[in-house]
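Peer 1: The structure is given below, and queries will be raised subsequently.
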There are 2 protein chains.
Amino acid sequence: MKERQEAIKRYIERKSDVTLSELAKEFSDWSEMTIRRDLEFLEQRRFLIRTKRGARIMPTSYEVSVGMYGEREKRNCDLKQEIAAKAAALVETDISMYLDAGSTAMMLARELPDRNLIITTSAPNIGIEIVLKKKNPTVILLGGTLQRKTISISGLNVLDQLKTLNIDTAFMCASGYTEATGFSVGGQHECVLKRAVIASARRVIMMMDSSKLNSILPFTFAQLSDIDTFITDSKAPESIKAAFRAAGVHVI
Amino acid sequence: MKERQEAIKRYIERKSDVTLSELAKEFSDWSEMTIRRDLEFLEQRRFLIRTKRGARIMPTSYEVSVGMYGEREKRNCDLKQEIAAKAAALVETDISMYLDAGSTAMMLARELPDRNLIITTSAPNIGIEIVLKKKNPTVILLGGTLQRKTISISGLNVLDQLKTLNIDTAFMCASGYTEATGFSVGGQHECVLKRAVIASARRVIMMMDSSKLNSILPFTFAQLSDIDTFITDSKAPESIKAAFRAAGVHVI
DNA sequence: CGCAAAACTGTGAATTATTCACAACAAATG
DNA sequence: CATTTGTTGTGAATAATTCACAGTTTTGCG
């Protein structure tokens with residue numbers, strides 16, 4: 001595959017739905033016809049499907065996760081992407097890592113290097129995504145009841161399952177944070193699971209886009225002192241970043 | 001949603017990729033324009049995406065499973081569909097059932113009534129499919145290592161997890177059957193898991209399309225005496241069906 | 001190094017698909 | 001029963017896609 005085709009594929013993967021004219025503008029070094037032919041090429045290899053005026057990524061499990069939350073999730077796609085790229089840089093080879101459920105985690109799954117890794121996750125859609133797109137990582141899915149809203153696992157014995165796994169680095173997501181309440185999420189099941197993961201991981205990396213800062217959700221699962229590294233996007237206010245640093249958290 | 005729109009949706013779900021002219025021929029009572037408008041309607045509701053000359057189902061996890069095996073799987077789609085419809089008729093409310101991994105099982109997942117059910121499965125893609133498309137069933141995913149080829153779970157403690165679950169009816173798939181070898185599959189992990197499920201289920205229903213009869217795969221996981229019901233398609237030879245009946249198996 | 005073959009790219013015309021506006025019709029409402 | 005609302009079909013206008021061809025670059029091989 002050519003460099004241009006790779007670039008087009010990456011572009012569409014990021015945007016998930018593009019028009020031909022949008023592509024033509026982005027890749028203005030080439031003619032519309034060439035891009036058209038590239039799309040045909042990529043479609044044959046099942047990377048995407050062509051639509052009326054352009055193309056769309058071939059949704060594997062990715063769309064499963066964003067499809068439901070819909071527009072809200074898509075809107076901050078670029079922020080999440082930025083965070084995921086930063087997080088992927090922290091992934092070392094041959095470590096055992098935990099990947100949380102959530103759309104930021106899904107982005108990280110896509111950015112992950114295709115290397116020897118052991119990835120434990122409670123999100124089956126993320127597990128599938130990794131296993132389909134990468135050759136090398138080993139994916140371990142937690143077992144239990146599959147939650148409709150979050151597409152993640154919960155259950156009585158997830159905690160037991162965690163006990164048998166040694167997690168080096170945990171990449172976690174949160175839906176809300178304030179100084180007073182700490183990191184919070186909307187579901188009780190998730191909350192319990194996240195706490196257990198954080199307790200057992202050697203290193204905890206929290207990923208959160210700036211739109212979620214200063215919002216509170218029902219269940220708090222962690223405080224600043226629980227995390228080692230905080231990854232956010234460039235739109236996050238300096239004041240919060242400074243406060244995190246003052247608490248001994250490594251902010252990226 | 002109108003009846004016609006439902007019908008179009010079902011048609012596209014079955015075919016997975018259709019052209020407008022194909023739809024116009026199938027639904028010749030209506031004009032092309034009306035069908036076009038229906039497709040637009042269905043696209044807005046994320047049931048499908050429109051392509052250049054028609055439409056394609058919105059692949060959730062379904063495409064994940066067939067996408068890899070590709071054409072081979074698609075070819076017997078109609079047979080599997082027939083089997084899945086028969087199997088769905090056997091599903092009772094409020095029971096605990098096991099759904100095997102495999103494309104026939106995925107078809108069954110789509111045909112399942114939207115009622116109170118507890119469905120245990122080793123296939124996360126099937127679990128996601130159910131949870132996204134139906135409101136009522138509870139899905140329990142087994143935990144463990146996610147296998148790349150089959151998109152199913154295996155691991156040391158799947159057997160332990162099964163012990164804590166009481167399965168009433170198990171819907172199983174096989175990749176091969178001969179009288180001498182019994183029901184067989186290609187992977188050792190799957191084999192072990194299937195055996196355990198069959199041993200613990202009160203009732204075992206085997207689903208298998210006729211193209212797989214008289215083929216042998218490396219690992220045998222069941223004999224005729226292990227199963228209660230056998231579901232196959234209309235192309236299956238009478239001789240085999242008669243032999244199954246003679247062995248006390250209920251053949252549908 | 002140089003030539004021939006193959007593969008890739010851009011252009012514009014021909015084809016095809018999609019949208020749009022409007023009229024006819026049916027169903028619902030008061 | 002008239003009016004409104006929604007649905008459907010028709011054909012023209014628009015837009016997108018394909019096709020064929022020519023120019024260009026790359027590749028392979030003597």
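Simple scheme: letters A, B, ... for chains in structure tokens order, numbers from 1 for residues in each chain, numbers from 1 for ligands in the order shown.
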For chain D against chain B, which residues fall within 9 Å using only C-alpha atoms (C1' of nucleotides), given as a ChimeraX atom specification?

Peer 2: /D:8-9,17

Peer 1: I'd like a table as a Markdown table: residues in chain A with an atom no more than 6 Å from chain B, each row giving the shortest atom pair and its distance in Å to one decimal, only C-alpha atoms counted, sorted by chain and rising residue number.

Peer 2:
```
| residue | atom | partner | partner_atom | distance |
| --- | --- | --- | --- | --- |
| A:Thr51 | CA | B:Thr51 | CA | 4.0 |
| A:Lys52 | CA | B:Lys52 | CA | 4.3 |
| A:Thr60 | CA | B:Val64 | CA | 5.6 |
| A:Ser61 | CA | B:Ser61 | CA | 5.8 |
| A:Val64 | CA | B:Thr60 | CA | 5.6 |
| A:Pro124 | CA | B:Pro124 | CA | 5.8 |
| A:Val131 | CA | B:Arg148 | CA | 5.6 |
| A:Val139 | CA | B:Leu146 | CA | 5.5 |
| A:Ile140 | CA | B:Thr145 | CA | 4.3 |
| A:Leu141 | CA | B:Gly143 | CA | 5.2 |
| A:Leu142 | CA | B:Gly143 | CA | 4.5 |
| A:Gly143 | CA | B:Gly143 | CA | 3.5 |
| A:Gly144 | CA | B:Ile140 | CA | 5.3 |
| A:Thr145 | CA | B:Ile140 | CA | 4.4 |
| A:Leu146 | CA | B:Val139 | CA | 5.5 |
| A:Arg148 | CA | B:Val131 | CA | 5.6 |
```

Peer 1: From the DSSP assignment of the backbone, select every residue of region 78-198 of chain B that is alpha helix (DSSP H), and format the answer as a ChimeraX atom specification.

Peer 2: /B:78-88,103-111,124-133,158-163,188-198

Peer 1: Per residue of chain C within 12 Å of chain A, record the nearest atom pair and its distance in Å to one decimal, counting only C-alpha atoms (C1' of nucleotides), with rows in chain order and ascending residue number, as a Markdown table.

Peer 2:
```
| residue | atom | partner | partner_atom | distance |
| --- | --- | --- | --- | --- |
| C:DC8 | C1' | A:Thr34 | CA | 9.1 |
| C:DT9 | C1' | A:Thr34 | CA | 6.8 |
| C:DG10 | C1' | A:Ser31 | CA | 6.8 |
| C:DT11 | C1' | A:Met33 | CA | 9.7 |
| C:DG12 | C1' | A:Met33 | CA | 11.9 |
| C:DA17 | C1' | A:Lys52 | CA | 9.1 |
| C:DT18 | C1' | A:Lys52 | CA | 8.9 |
```

Peer 1: If you run DSSP on the backbone, which residues of region 102-212 of chain A are strand (DSSP E), as number ranges by chain?

Peer 2: A: 118-121, 138-141, 144-146, 153-154, 169-173, 176-178, 182-185, 203-207

Peer 1: For the contact check between region 117-230 of chain A and region 81-98 of chain A, emit one row per residue of region 117-230 of chain A within 8 Å, containing the shortest atom pair and the distance in Å rounded to one decimal, counting only C-alpha atoms, chain then rising number order, as JSON lines.

Peer 2:
```
{"residue": "A:Leu117", "atom": "CA", "partner": "A:Asp94", "partner_atom": "CA", "distance": 4.9}
{"residue": "A:Ile118", "atom": "CA", "partner": "A:Ser96", "partner_atom": "CA", "distance": 4.7}
{"residue": "A:Ile119", "atom": "CA", "partner": "A:Met97", "partner_atom": "CA", "distance": 5.0}
{"residue": "A:Thr120", "atom": "CA", "partner": "A:Tyr98", "partner_atom": "CA", "distance": 4.7}
{"residue": "A:Thr121", "atom": "CA", "partner": "A:Tyr98", "partner_atom": "CA", "distance": 5.7}
{"residue": "A:Asn166", "atom": "CA", "partner": "A:Ser96", "partner_atom": "CA", "distance": 7.0}
{"residue": "A:Ile167", "atom": "CA", "partner": "A:Ser96", "partner_atom": "CA", "distance": 5.2}
{"residue": "A:Asp168", "atom": "CA", "partner": "A:Ser96", "partner_atom": "CA", "distance": 5.3}
{"residue": "A:Thr169", "atom": "CA", "partner": "A:Met97", "partner_atom": "CA", "distance": 4.8}
{"residue": "A:Ala170", "atom": "CA", "partner": "A:Tyr98", "partner_atom": "CA", "distance": 4.5}
{"residue": "A:Phe171", "atom": "CA", "partner": "A:Tyr98", "partner_atom": "CA", "distance": 6.0}
{"residue": "A:Met172", "atom": "CA", "partner": "A:Tyr98", "partner_atom": "CA", "distance": 7.9}
{"residue": "A:Val197", "atom": "CA", "partner": "A:Tyr98", "partner_atom": "CA", "distance": 7.8}
{"residue": "A:Met207", "atom": "CA", "partner": "A:Ile83", "partner_atom": "CA", "distance": 6.9}
{"residue": "A:Met208", "atom": "CA", "partner": "A:Ile83", "partner_atom": "CA", "distance": 7.6}
{"residue": "A:Asp209", "atom": "CA", "partner": "A:Ile83", "partner_atom": "CA", "distance": 7.3}
```

Peer 1: Filtering to N, CA and C atoms, could you give me those residues as a compact mmCIF listing (two decimals), in the first residue's frame?

Peer 2:
```txt
# COMPACT_ATOMS: atom_id res chain seq x y z
N LEU A 117 2.06 -7.19 24.03
CA LEU A 117 1.44 -6.54 25.18
C LEU A 117 0.39 -7.50 25.71
N ILE A 118 0.12 -7.40 26.98
CA ILE A 118 -1.02 -8.12 27.52
C ILE A 118 -2.01 -7.07 27.98
N ILE A 119 -3.15 -7.05 27.33
CA ILE A 119 -4.11 -6.00 27.59
C ILE A 119 -5.36 -6.60 28.21
N THR A 120 -5.64 -6.19 29.42
CA THR A 120 -6.87 -6.62 30.07
C THR A 120 -7.88 -5.49 29.96
N THR A 121 -9.12 -5.85 29.68
CA THR A 121 -10.14 -4.80 29.57
C THR A 121 -11.51 -5.34 29.95
N ASN A 166 -1.85 -9.61 37.22
CA ASN A 166 -0.97 -8.56 37.69
C ASN A 166 -0.91 -7.46 36.65
N ILE A 167 -1.42 -6.31 37.02
CA ILE A 167 -1.48 -5.20 36.09
C ILE A 167 -0.39 -4.19 36.41
N ASP A 168 0.41 -3.91 35.40
CA ASP A 168 1.47 -2.94 35.60
C ASP A 168 0.91 -1.53 35.48
N THR A 169 0.43 -1.21 34.28
CA THR A 169 -0.07 0.14 34.04
C THR A 169 -1.55 0.10 33.71
N ALA A 170 -2.32 0.94 34.37
CA ALA A 170 -3.76 1.02 34.08
C ALA A 170 -4.06 2.34 33.40
N PHE A 171 -4.67 2.25 32.22
CA PHE A 171 -5.12 3.45 31.52
C PHE A 171 -6.61 3.63 31.79
N MET A 172 -6.92 4.64 32.55
CA MET A 172 -8.30 4.81 33.01
C MET A 172 -8.97 6.04 32.39
N VAL A 197 -9.30 -1.84 40.02
CA VAL A 197 -8.18 -1.79 39.08
C VAL A 197 -7.12 -0.83 39.59
N MET A 207 -6.93 9.37 31.75
CA MET A 207 -7.11 10.11 30.49
C MET A 207 -8.46 10.81 30.53
N MET A 208 -8.47 12.06 30.18
CA MET A 208 -9.72 12.81 30.32
C MET A 208 -9.65 14.05 29.45
N ASP A 209 -10.65 14.23 28.60
CA ASP A 209 -10.61 15.43 27.78
C ASP A 209 -11.18 16.62 28.54
```

Peer 1: I need the residue nearest DA14 (chain C) from this list: D:DT14, D:DC19, D:DT25, D:DC1. Use only C-alpha atoms (C1' of nucleotides) for the distance.

Peer 2: D:DC19

Peer 1: Expressed in Å to a single decimal, how great is the separation between CA of Val204 (chain B) and CA of Ser184 (chain B)?

Peer 2: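 Going from CA of Val204 (chain B) over to CA of Ser184 (chain B) covers 15.3 Å.
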